[in-house]
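> This is the structure, below, for whatever I ask next.
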Amino acid sequence: MSKVALFLLILIPQFFVQMSRAEAVLDPTLPRILQGKTLSPEETIKYGSYLFKISNCRDCHMEKGGAFLAGGYKIDSPFGTFYGPNITPDKDTGIGRWTDDDFIRALRRGVAPNGRNYYPSFPYSSYSKMSDTDILAIKAYIFSRPAVKKESKKHELKFPFNIREFISAWKQANFRMVGSYSEDNFIKARGPYQAIPTRDWEWNRGAYLVEGPLHCAQCHTPRDQIGNFKWTKWMSGSRLGAGEKAASNITPSQKFGLGKWTAQDWETFLLEATSKNGTEVTGKMEGVIDQGTSRLTPADLRAVIKYLMSLKPVESSETKKGSKKEDTL
Ligand code: HEC
Ligand code: HEC
C-alpha cells in the first residue's frame, strides 16, 4: 500500500496540470492522477501491481504455501471443484508465450488462446469491463514476476458443468455486448466500461471498480441452478460453495441489507474488516479486504463507497446473514 501511495503522491503535481481539463472528458477507468499521462514501463508495472491486488488475482492462483501465481488453489462451488491454473510467465506450464491480445481476450471474453471457453469461475464477466490499459498493466506486472514450472490441476466438475460447451450458453445469458452503456444495461454489459453520462465522474469511477476489477457481484449476486445471475437481485446475497459462509445482501435495503450503514461504516469495513455490528469478517471476504479493498487509494475508496451506497435496494435475501451453508444446490 505505502509503495502505491508513494507512487501516486509523486504524480500529484500532474493532477493539477490535468485539473484544467473539463470533468466531462475524464476517463472513469483511470484514477484522476493518471489521466492523460503516459506511464514508463516501471510505472506500468507499479500500476499493474495495484490493479492486480484490488482484483484479487492472487487469491485463486496460488495455493497455500505454494509459489506465487503457480496455481493449485482449490475453489469449491455448487458445480464442483475448480483449481486456479498456473499464471506465472513460465513458457511451458504458465502463460509465458501469451501475447497482449491473448491476455486481453482471456480477461475480456473468457476465451483461451486456442479458442476454448473458460469457466466463469474465472470472474471474467466482471474483468471484461476493464480497459485495455488496465488489463495490460496487470499483464506487465505478472510478467515481471518469476516463472514457475508447475502443471495446472484438472477441475473436478459435476455433469453437465464438466462439458465446456455448456459455457457458450452461460455466456449468452450472462454476458452481453451492448452498443453503449447506460444505467439500465451496464451491469450485464460486456467490454470496456463506458462513462454513464447521467452520473458524475466519481460514481462512474466507483461503478468501474466495483463491477470490473473488484468483482463484488461474483460472490454477492444470487445465481440460479445453472449459475446464471439473477439480474433483478443484484448484490442481494448468495450462497457460495459447501462449507463456505454465505455472502450477504449488501444493497442499501433497510431490512435485508446494509441500509443503516453510513459512508464511515463502509470505510471501516473495507479497510479494517470490521462490520458495523463489531464482528470481524472471516473466510473469503477477509481475503477480498486484506488483499484488495484495504489497498485502495483514498480517492478510489471514496468512489467505491459512493457507488455501493447507490445500489438499488433489494428487499429480499436468499441467505441468512453470515450463516453457514448447509447443503449444495
Ligand atoms: C475467483 C477465482 C479467480 C480469480 C479472482 C481470478 N481467477 Fe484467473 N482463473 C480462475 C480459474 C478457475 C481459471 C481456469 C478457468 C478454466 O479452466 O476454464 C482461471 C484462468 C485464468 C487464466 C487462463 C490461464 C490458462 O492457462 O489458460 C488467466 C490468464 C487468468 N486466470 C488470469 C487472472 C487474472 C489476471 C486475475 C485478476 C485480474 C484472475 N485470473 C483472477 C480463477 C480466478
Ligand atoms: C470471493 C467471494 C467474495 C467477494 C469477491 C466479495 N465478497 Fe463480500 N462477502 C463474502 C462472504 C463469504 C461474506 C460473509 C463473511 C462473513 O460472514 O464473515 C461477505 C461479507 C461481506 C460484507 C459484510 C456484510 C455484513 O452484513 O456484515 C460486506 C459489506 C461485503 N461482503 C462487501 C463486499 C464488497 C464491497 C465486495 C467487492 C469489493 C465484496 N464483498 C466481494 C464473499 C465475497
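Labels used: A, B, ... for chains in the order of the C-alpha cells, numbers from 1 for residues in each chain, and numbers from 1 for ligands as shown.
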Once you count only C-alpha atoms and all ligand atoms, what closest atom pair and distance in Å to one decimal does each residue of chain A within 8 Å of ligand 2 have, with rows by chain and rising residue number, as a Markdown table?


```
| residue | atom | partner | partner_atom_place_in_ligand_line | distance |
| --- | --- | --- | --- | --- |
| A:Asn56 | CA | ligand 2 | 5 (C) | 8.0 |
| A:Val210 | CA | ligand 2 | 37 (C) | 6.0 |
| A:Leu214 | CA | ligand 2 | 38 (C) | 4.9 |
| A:His215 | CA | ligand 2 | 5 (C) | 5.6 |
| A:Cys216 | CA | ligand 2 | 37 (C) | 3.4 |
| A:Ala217 | CA | ligand 2 | 41 (C) | 6.8 |
| A:Gln218 | CA | ligand 2 | 5 (C) | 5.9 |
| A:Cys219 | CA | ligand 2 | 2 (C) | 4.3 |
| A:His220 | CA | ligand 2 | 7 (N) | 6.1 |
| A:Leu240 | CA | ligand 2 | 12 (C) | 7.0 |
| A:Glu244 | CA | ligand 2 | 12 (C) | 6.5 |
| A:Lys245 | CA | ligand 2 | 12 (C) | 4.7 |
| A:Ala246 | CA | ligand 2 | 12 (C) | 4.9 |
| A:Ala247 | CA | ligand 2 | 11 (C) | 3.7 |
| A:Ser248 | CA | ligand 2 | 24 (C) | 5.6 |
| A:Asn249 | CA | ligand 2 | 24 (C) | 7.0 |
| A:Ile250 | CA | ligand 2 | 29 (C) | 5.5 |
| A:Gly257 | CA | ligand 2 | 26 (O) | 6.9 |
| A:Leu258 | CA | ligand 2 | 26 (O) | 6.6 |
| A:Trp266 | CA | ligand 2 | 29 (C) | 7.0 |
| A:Phe269 | CA | ligand 2 | 29 (C) | 6.8 |
| A:Leu270 | CA | ligand 2 | 35 (C) | 7.1 |
| A:Ser275 | CA | ligand 2 | 27 (O) | 4.9 |
| A:Lys276 | CA | ligand 2 | 27 (O) | 6.8 |
| A:Asn277 | CA | ligand 2 | 27 (O) | 7.4 |
| A:Thr279 | CA | ligand 2 | 27 (O) | 7.6 |
| A:Glu280 | CA | ligand 2 | 18 (O) | 6.9 |
| A:Val281 | CA | ligand 2 | 18 (O) | 3.9 |
| A:Thr282 | CA | ligand 2 | 18 (O) | 4.0 |
| A:Gly283 | CA | ligand 2 | 18 (O) | 6.0 |
| A:Lys284 | CA | ligand 2 | 1 (C) | 5.0 |
| A:Met285 | CA | ligand 2 | 10 (C) | 4.2 |
| A:Glu286 | CA | ligand 2 | 15 (C) | 7.4 |
| A:Gly287 | CA | ligand 2 | 1 (C) | 7.8 |
| A:Val288 | CA | ligand 2 | 41 (C) | 6.0 |
| A:Ile289 | CA | ligand 2 | 38 (C) | 7.3 |
| A:Gly292 | CA | ligand 2 | 38 (C) | 7.3 |
| A:Thr293 | CA | ligand 2 | 38 (C) | 6.0 |
| A:Val304 | CA | ligand 2 | 35 (C) | 7.8 |
| A:Ile305 | CA | ligand 2 | 35 (C) | 7.9 |
| A:Leu308 | CA | ligand 2 | 35 (C) | 6.9 |
| A:Lys321 | CA | ligand 2 | 26 (O) | 5.9 |
| A:Gly322 | CA | ligand 2 | 17 (O) | 3.5 |
| A:Ser323 | CA | ligand 2 | 17 (O) | 6.8 |
```

> Selected residues, N, CA and C atoms, written as a compact mmCIF listing (two decimals), in the first residue's frame, please.


```txt
# COMPACT_ATOMS: atom_id res chain seq x y z
N ASN A 56 -7.83 -9.11 -6.78
CA ASN A 56 -7.71 -10.40 -6.09
C ASN A 56 -7.22 -11.56 -6.96
N VAL A 210 -16.08 -1.39 -8.83
CA VAL A 210 -16.89 -2.43 -8.17
C VAL A 210 -17.33 -3.51 -9.17
N LEU A 214 -12.93 -5.18 -9.00
CA LEU A 214 -13.24 -5.69 -7.66
C LEU A 214 -14.24 -6.85 -7.67
N HIS A 215 -14.98 -7.01 -8.73
CA HIS A 215 -15.92 -8.11 -8.98
C HIS A 215 -16.75 -8.56 -7.76
N CYS A 216 -17.25 -7.62 -6.98
CA CYS A 216 -18.04 -7.94 -5.78
C CYS A 216 -19.26 -8.81 -6.12
N ALA A 217 -19.87 -8.55 -7.27
CA ALA A 217 -21.13 -9.24 -7.63
C ALA A 217 -20.93 -10.73 -7.84
N GLN A 218 -19.72 -11.14 -8.17
CA GLN A 218 -19.48 -12.56 -8.44
C GLN A 218 -19.83 -13.41 -7.22
N CYS A 219 -19.64 -12.87 -6.03
CA CYS A 219 -19.99 -13.62 -4.82
C CYS A 219 -21.29 -13.14 -4.21
N HIS A 220 -21.65 -11.87 -4.41
CA HIS A 220 -22.80 -11.33 -3.68
C HIS A 220 -24.10 -11.33 -4.47
N LEU A 240 -22.41 -19.57 -1.31
CA LEU A 240 -21.24 -19.99 -2.08
C LEU A 240 -21.09 -21.50 -1.95
N GLU A 244 -18.64 -22.98 2.86
CA GLU A 244 -18.30 -21.55 2.82
C GLU A 244 -19.40 -20.76 3.49
N LYS A 245 -19.04 -19.64 4.08
CA LYS A 245 -20.08 -18.75 4.59
C LYS A 245 -20.80 -18.12 3.41
N ALA A 246 -22.07 -17.80 3.61
CA ALA A 246 -22.81 -17.14 2.55
C ALA A 246 -22.38 -15.69 2.47
N ALA A 247 -22.46 -15.10 1.26
CA ALA A 247 -22.17 -13.68 1.08
C ALA A 247 -23.51 -12.96 1.16
N SER A 248 -23.64 -12.01 2.09
CA SER A 248 -24.95 -11.44 2.39
C SER A 248 -25.39 -10.34 1.42
N ASN A 249 -26.62 -9.89 1.65
CA ASN A 249 -27.22 -8.79 0.88
C ASN A 249 -26.45 -7.50 1.23
N ILE A 250 -25.78 -6.90 0.25
CA ILE A 250 -25.03 -5.66 0.54
C ILE A 250 -25.66 -4.44 -0.14
N GLY A 257 -30.53 -5.64 3.97
CA GLY A 257 -29.17 -5.31 3.55
C GLY A 257 -28.48 -4.35 4.50
N LEU A 258 -27.76 -3.39 3.92
CA LEU A 258 -26.91 -2.50 4.72
C LEU A 258 -27.44 -1.06 4.71
N TRP A 266 -18.90 1.90 5.99
CA TRP A 266 -18.33 1.21 4.81
C TRP A 266 -16.82 1.30 4.81
N PHE A 269 -15.24 -0.94 7.31
CA PHE A 269 -15.34 -2.33 6.86
C PHE A 269 -14.32 -2.64 5.76
N LEU A 270 -14.26 -1.81 4.75
CA LEU A 270 -13.41 -2.11 3.60
C LEU A 270 -11.92 -1.93 3.89
N SER A 275 -17.24 -5.23 10.78
CA SER A 275 -18.59 -4.91 10.37
C SER A 275 -19.21 -3.89 11.32
N LYS A 276 -20.29 -3.22 10.89
CA LYS A 276 -20.95 -2.21 11.72
C LYS A 276 -21.31 -2.75 13.11
N ASN A 277 -21.71 -4.03 13.16
CA ASN A 277 -22.07 -4.59 14.47
C ASN A 277 -20.85 -5.08 15.27
N THR A 279 -18.45 -7.24 14.44
CA THR A 279 -17.83 -8.55 14.18
C THR A 279 -16.73 -8.43 13.12
N GLU A 280 -15.74 -9.26 13.30
CA GLU A 280 -14.63 -9.34 12.34
C GLU A 280 -15.07 -10.26 11.22
N VAL A 281 -14.84 -9.86 10.01
CA VAL A 281 -15.25 -10.67 8.88
C VAL A 281 -14.25 -11.83 8.70
N THR A 282 -14.75 -12.95 8.18
CA THR A 282 -13.88 -14.11 8.03
C THR A 282 -13.97 -14.67 6.61
N GLY A 283 -13.27 -15.75 6.37
CA GLY A 283 -13.39 -16.50 5.12
C GLY A 283 -12.96 -15.70 3.91
N LYS A 284 -13.69 -15.93 2.80
CA LYS A 284 -13.29 -15.33 1.52
C LYS A 284 -13.27 -13.81 1.57
N MET A 285 -14.22 -13.24 2.32
CA MET A 285 -14.30 -11.78 2.36
C MET A 285 -13.06 -11.18 3.02
N GLU A 286 -12.48 -11.91 3.95
CA GLU A 286 -11.28 -11.43 4.63
C GLU A 286 -10.15 -11.23 3.59
N GLY A 287 -10.05 -12.19 2.65
CA GLY A 287 -9.04 -12.09 1.59
C GLY A 287 -9.32 -10.91 0.68
N VAL A 288 -10.62 -10.71 0.38
CA VAL A 288 -11.00 -9.60 -0.51
C VAL A 288 -10.56 -8.27 0.11
N ILE A 289 -10.70 -8.16 1.43
CA ILE A 289 -10.34 -6.91 2.12
C ILE A 289 -8.83 -6.80 2.28
N GLY A 292 -7.30 -6.77 -1.19
CA GLY A 292 -7.93 -5.87 -2.15
C GLY A 292 -8.33 -4.50 -1.62
N THR A 293 -9.52 -4.44 -0.99
CA THR A 293 -10.09 -3.11 -0.72
C THR A 293 -9.25 -2.28 0.25
N VAL A 304 -15.73 3.98 -4.64
CA VAL A 304 -16.33 2.65 -4.45
C VAL A 304 -17.51 2.75 -3.48
N ILE A 305 -17.32 3.47 -2.39
CA ILE A 305 -18.37 3.60 -1.38
C ILE A 305 -19.57 4.36 -1.96
N LEU A 308 -21.43 1.88 -4.10
CA LEU A 308 -22.11 0.82 -3.33
C LEU A 308 -23.35 1.36 -2.63
N LYS A 321 -27.80 -13.74 7.13
CA LYS A 321 -26.52 -13.04 7.28
C LYS A 321 -25.46 -13.94 7.89
N GLY A 322 -24.36 -14.10 7.18
CA GLY A 322 -23.20 -14.82 7.72
C GLY A 322 -23.46 -16.27 8.09
N SER A 323 -24.58 -16.85 7.62
CA SER A 323 -24.88 -18.22 8.03
C SER A 323 -24.02 -19.20 7.24
```

> What do you get as a list in words if you pick all residues at most 6 Å from ligand 1, counting only C-alpha atoms and all ligand atoms?

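Counting only what the definition allows, namely only C-alpha atoms and all ligand atoms, the set is Phe52, Ser55, Asn56, Cys57, Cys60, Phe82, Tyr83, Gly84, Pro85, Ile87, Gly94, Ile95, Ala112, Tyr118, Tyr119, Ser121, Phe122 and Pro123 of chain A.
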
> As number ranges by chain, list the residues of range 78-210 of chain A assigned to alpha helix (DSSP H) by DSSP on the backbone atoms of this structure.

A: 100-109, 124-127, 132-143, 166-174, 201-210

> Output N, CA and C atoms for every residue in that selection, as a CSV table (one decimal), in the first residue's frame.


```csv
chain,number,residue,atom,x,y,z
A,100,ASP,N,-0.1,-9.9,-25.9
A,100,ASP,CA,-1.0,-9.0,-25.3
A,100,ASP,C,-2.5,-9.3,-25.7
A,101,ASP,N,-2.7,-9.6,-27.0
A,101,ASP,CA,-4.0,-9.9,-27.4
A,101,ASP,C,-4.6,-11.2,-26.7
A,102,ASP,N,-3.7,-12.2,-26.5
A,102,ASP,CA,-4.2,-13.4,-25.8
A,102,ASP,C,-4.7,-13.0,-24.5
A,103,PHE,N,-3.9,-12.2,-23.8
A,103,PHE,CA,-4.3,-11.8,-22.4
A,103,PHE,C,-5.5,-11.0,-22.3
A,104,ILE,N,-5.7,-10.1,-23.3
A,104,ILE,CA,-6.9,-9.3,-23.3
A,104,ILE,C,-8.1,-10.1,-23.6
A,105,ARG,N,-8.0,-11.1,-24.5
A,105,ARG,CA,-9.1,-11.9,-24.9
A,105,ARG,C,-9.5,-12.8,-23.7
A,106,ALA,N,-8.6,-13.3,-22.9
A,106,ALA,CA,-8.9,-14.1,-21.8
A,106,ALA,C,-9.7,-13.3,-20.7
A,107,LEU,N,-9.3,-12.1,-20.4
A,107,LEU,CA,-10.0,-11.4,-19.4
A,107,LEU,C,-11.3,-10.7,-19.9
A,108,ARG,N,-11.3,-10.3,-21.1
A,108,ARG,CA,-12.4,-9.6,-21.7
A,108,ARG,C,-13.5,-10.5,-22.1
A,109,ARG,N,-13.1,-11.7,-22.7
A,109,ARG,CA,-14.1,-12.5,-23.3
A,109,ARG,C,-14.1,-13.9,-22.8
A,124,TYR,N,-14.2,-13.5,-15.3
A,124,TYR,CA,-14.0,-12.6,-16.5
A,124,TYR,C,-15.3,-11.8,-16.9
A,125,SER,N,-16.5,-12.3,-16.4
A,125,SER,CA,-17.6,-11.5,-16.8
A,125,SER,C,-17.6,-10.1,-16.1
A,126,SER,N,-16.8,-10.0,-15.0
A,126,SER,CA,-16.5,-8.7,-14.4
A,126,SER,C,-15.3,-8.0,-15.0
A,127,TYR,N,-14.2,-8.8,-15.1
A,127,TYR,CA,-13.0,-8.2,-15.6
A,127,TYR,C,-13.1,-7.7,-17.1
A,132,ASP,N,-8.3,-1.8,-21.9
A,132,ASP,CA,-7.1,-2.5,-22.4
A,132,ASP,C,-5.9,-2.0,-21.5
A,133,THR,N,-5.8,-0.7,-21.3
A,133,THR,CA,-4.7,-0.2,-20.5
A,133,THR,C,-4.5,-0.9,-19.1
A,134,ASP,N,-5.7,-1.1,-18.4
A,134,ASP,CA,-5.6,-1.8,-17.1
A,134,ASP,C,-5.2,-3.2,-17.3
A,135,ILE,N,-5.8,-3.9,-18.2
A,135,ILE,CA,-5.5,-5.3,-18.4
A,135,ILE,C,-4.1,-5.5,-18.7
A,136,LEU,N,-3.5,-4.7,-19.6
A,136,LEU,CA,-2.1,-4.8,-20.0
A,136,LEU,C,-1.2,-4.4,-18.9
A,137,ALA,N,-1.6,-3.5,-18.0
A,137,ALA,CA,-0.8,-3.2,-16.8
A,137,ALA,C,-0.7,-4.4,-15.9
A,138,ILE,N,-1.8,-5.1,-15.8
A,138,ILE,CA,-1.8,-6.4,-14.9
A,138,ILE,C,-0.8,-7.4,-15.6
A,139,LYS,N,-0.9,-7.5,-16.9
A,139,LYS,CA,0.0,-8.5,-17.6
A,139,LYS,C,1.5,-8.1,-17.4
A,140,ALA,N,1.7,-6.8,-17.5
A,140,ALA,CA,3.1,-6.3,-17.3
A,140,ALA,C,3.6,-6.7,-15.9
A,141,TYR,N,2.7,-6.5,-14.9
A,141,TYR,CA,3.1,-6.9,-13.5
A,141,TYR,C,3.4,-8.4,-13.4
A,142,ILE,N,2.4,-9.2,-13.9
A,142,ILE,CA,2.6,-10.7,-13.8
A,142,ILE,C,3.9,-11.1,-14.5
A,143,PHE,N,4.1,-10.5,-15.7
A,143,PHE,CA,5.3,-10.9,-16.4
A,143,PHE,C,6.6,-10.4,-15.8
A,166,PHE,N,-21.1,-26.2,-22.5
A,166,PHE,CA,-22.1,-25.6,-21.6
A,166,PHE,C,-21.8,-24.1,-21.4
A,167,ILE,N,-20.5,-23.8,-21.5
A,167,ILE,CA,-20.1,-22.4,-21.2
A,167,ILE,C,-20.7,-21.4,-22.2
A,168,SER,N,-20.7,-21.8,-23.5
A,168,SER,CA,-21.2,-20.8,-24.5
A,168,SER,C,-22.6,-20.4,-24.1
A,169,ALA,N,-23.5,-21.3,-23.7
A,169,ALA,CA,-24.8,-21.0,-23.3
A,169,ALA,C,-24.8,-20.0,-22.1
A,170,TRP,N,-23.9,-20.3,-21.2
A,170,TRP,CA,-23.8,-19.4,-20.0
A,170,TRP,C,-23.5,-18.0,-20.4
A,171,LYS,N,-22.5,-17.9,-21.3
A,171,LYS,CA,-22.1,-16.6,-21.8
A,171,LYS,C,-23.2,-15.8,-22.5
A,172,GLN,N,-24.0,-16.5,-23.3
A,172,GLN,CA,-25.1,-15.9,-24.0
A,172,GLN,C,-26.0,-15.3,-23.0
A,173,ALA,N,-26.3,-15.9,-21.9
A,173,ALA,CA,-27.2,-15.5,-20.9
A,173,ALA,C,-26.7,-14.4,-19.9
A,174,ASN,N,-25.4,-14.4,-19.7
A,174,ASN,CA,-24.9,-13.6,-18.6
A,174,ASN,C,-23.9,-12.5,-19.0
A,201,TRP,N,-18.5,11.9,-12.3
A,201,TRP,CA,-17.3,11.1,-12.5
A,201,TRP,C,-17.0,10.1,-11.4
A,202,GLU,N,-17.2,10.6,-10.2
A,202,GLU,CA,-16.8,9.8,-9.0
A,202,GLU,C,-17.7,8.5,-9.0
A,203,TRP,N,-19.0,8.7,-9.2
A,203,TRP,CA,-19.9,7.5,-9.3
A,203,TRP,C,-19.4,6.5,-10.4
A,204,ASN,N,-19.1,7.1,-11.5
A,204,ASN,CA,-18.6,6.2,-12.6
A,204,ASN,C,-17.3,5.5,-12.3
A,205,ARG,N,-16.4,6.2,-11.6
A,205,ARG,CA,-15.2,5.5,-11.2
A,205,ARG,C,-15.5,4.4,-10.2
A,206,GLY,N,-16.4,4.6,-9.3
A,206,GLY,CA,-16.8,3.6,-8.3
A,206,GLY,C,-17.5,2.4,-9.1
A,207,ALA,N,-18.4,2.7,-10.0
A,207,ALA,CA,-19.0,1.6,-10.8
A,207,ALA,C,-18.0,0.8,-11.5
A,208,TYR,N,-17.0,1.5,-12.1
A,208,TYR,CA,-16.0,0.8,-12.9
A,208,TYR,C,-15.3,-0.2,-11.9
A,209,LEU,N,-14.8,0.3,-10.8
A,209,LEU,CA,-14.0,-0.5,-9.9
A,209,LEU,C,-14.9,-1.7,-9.3
A,210,VAL,N,-16.1,-1.4,-8.8
A,210,VAL,CA,-16.9,-2.4,-8.2
A,210,VAL,C,-17.3,-3.5,-9.2
```
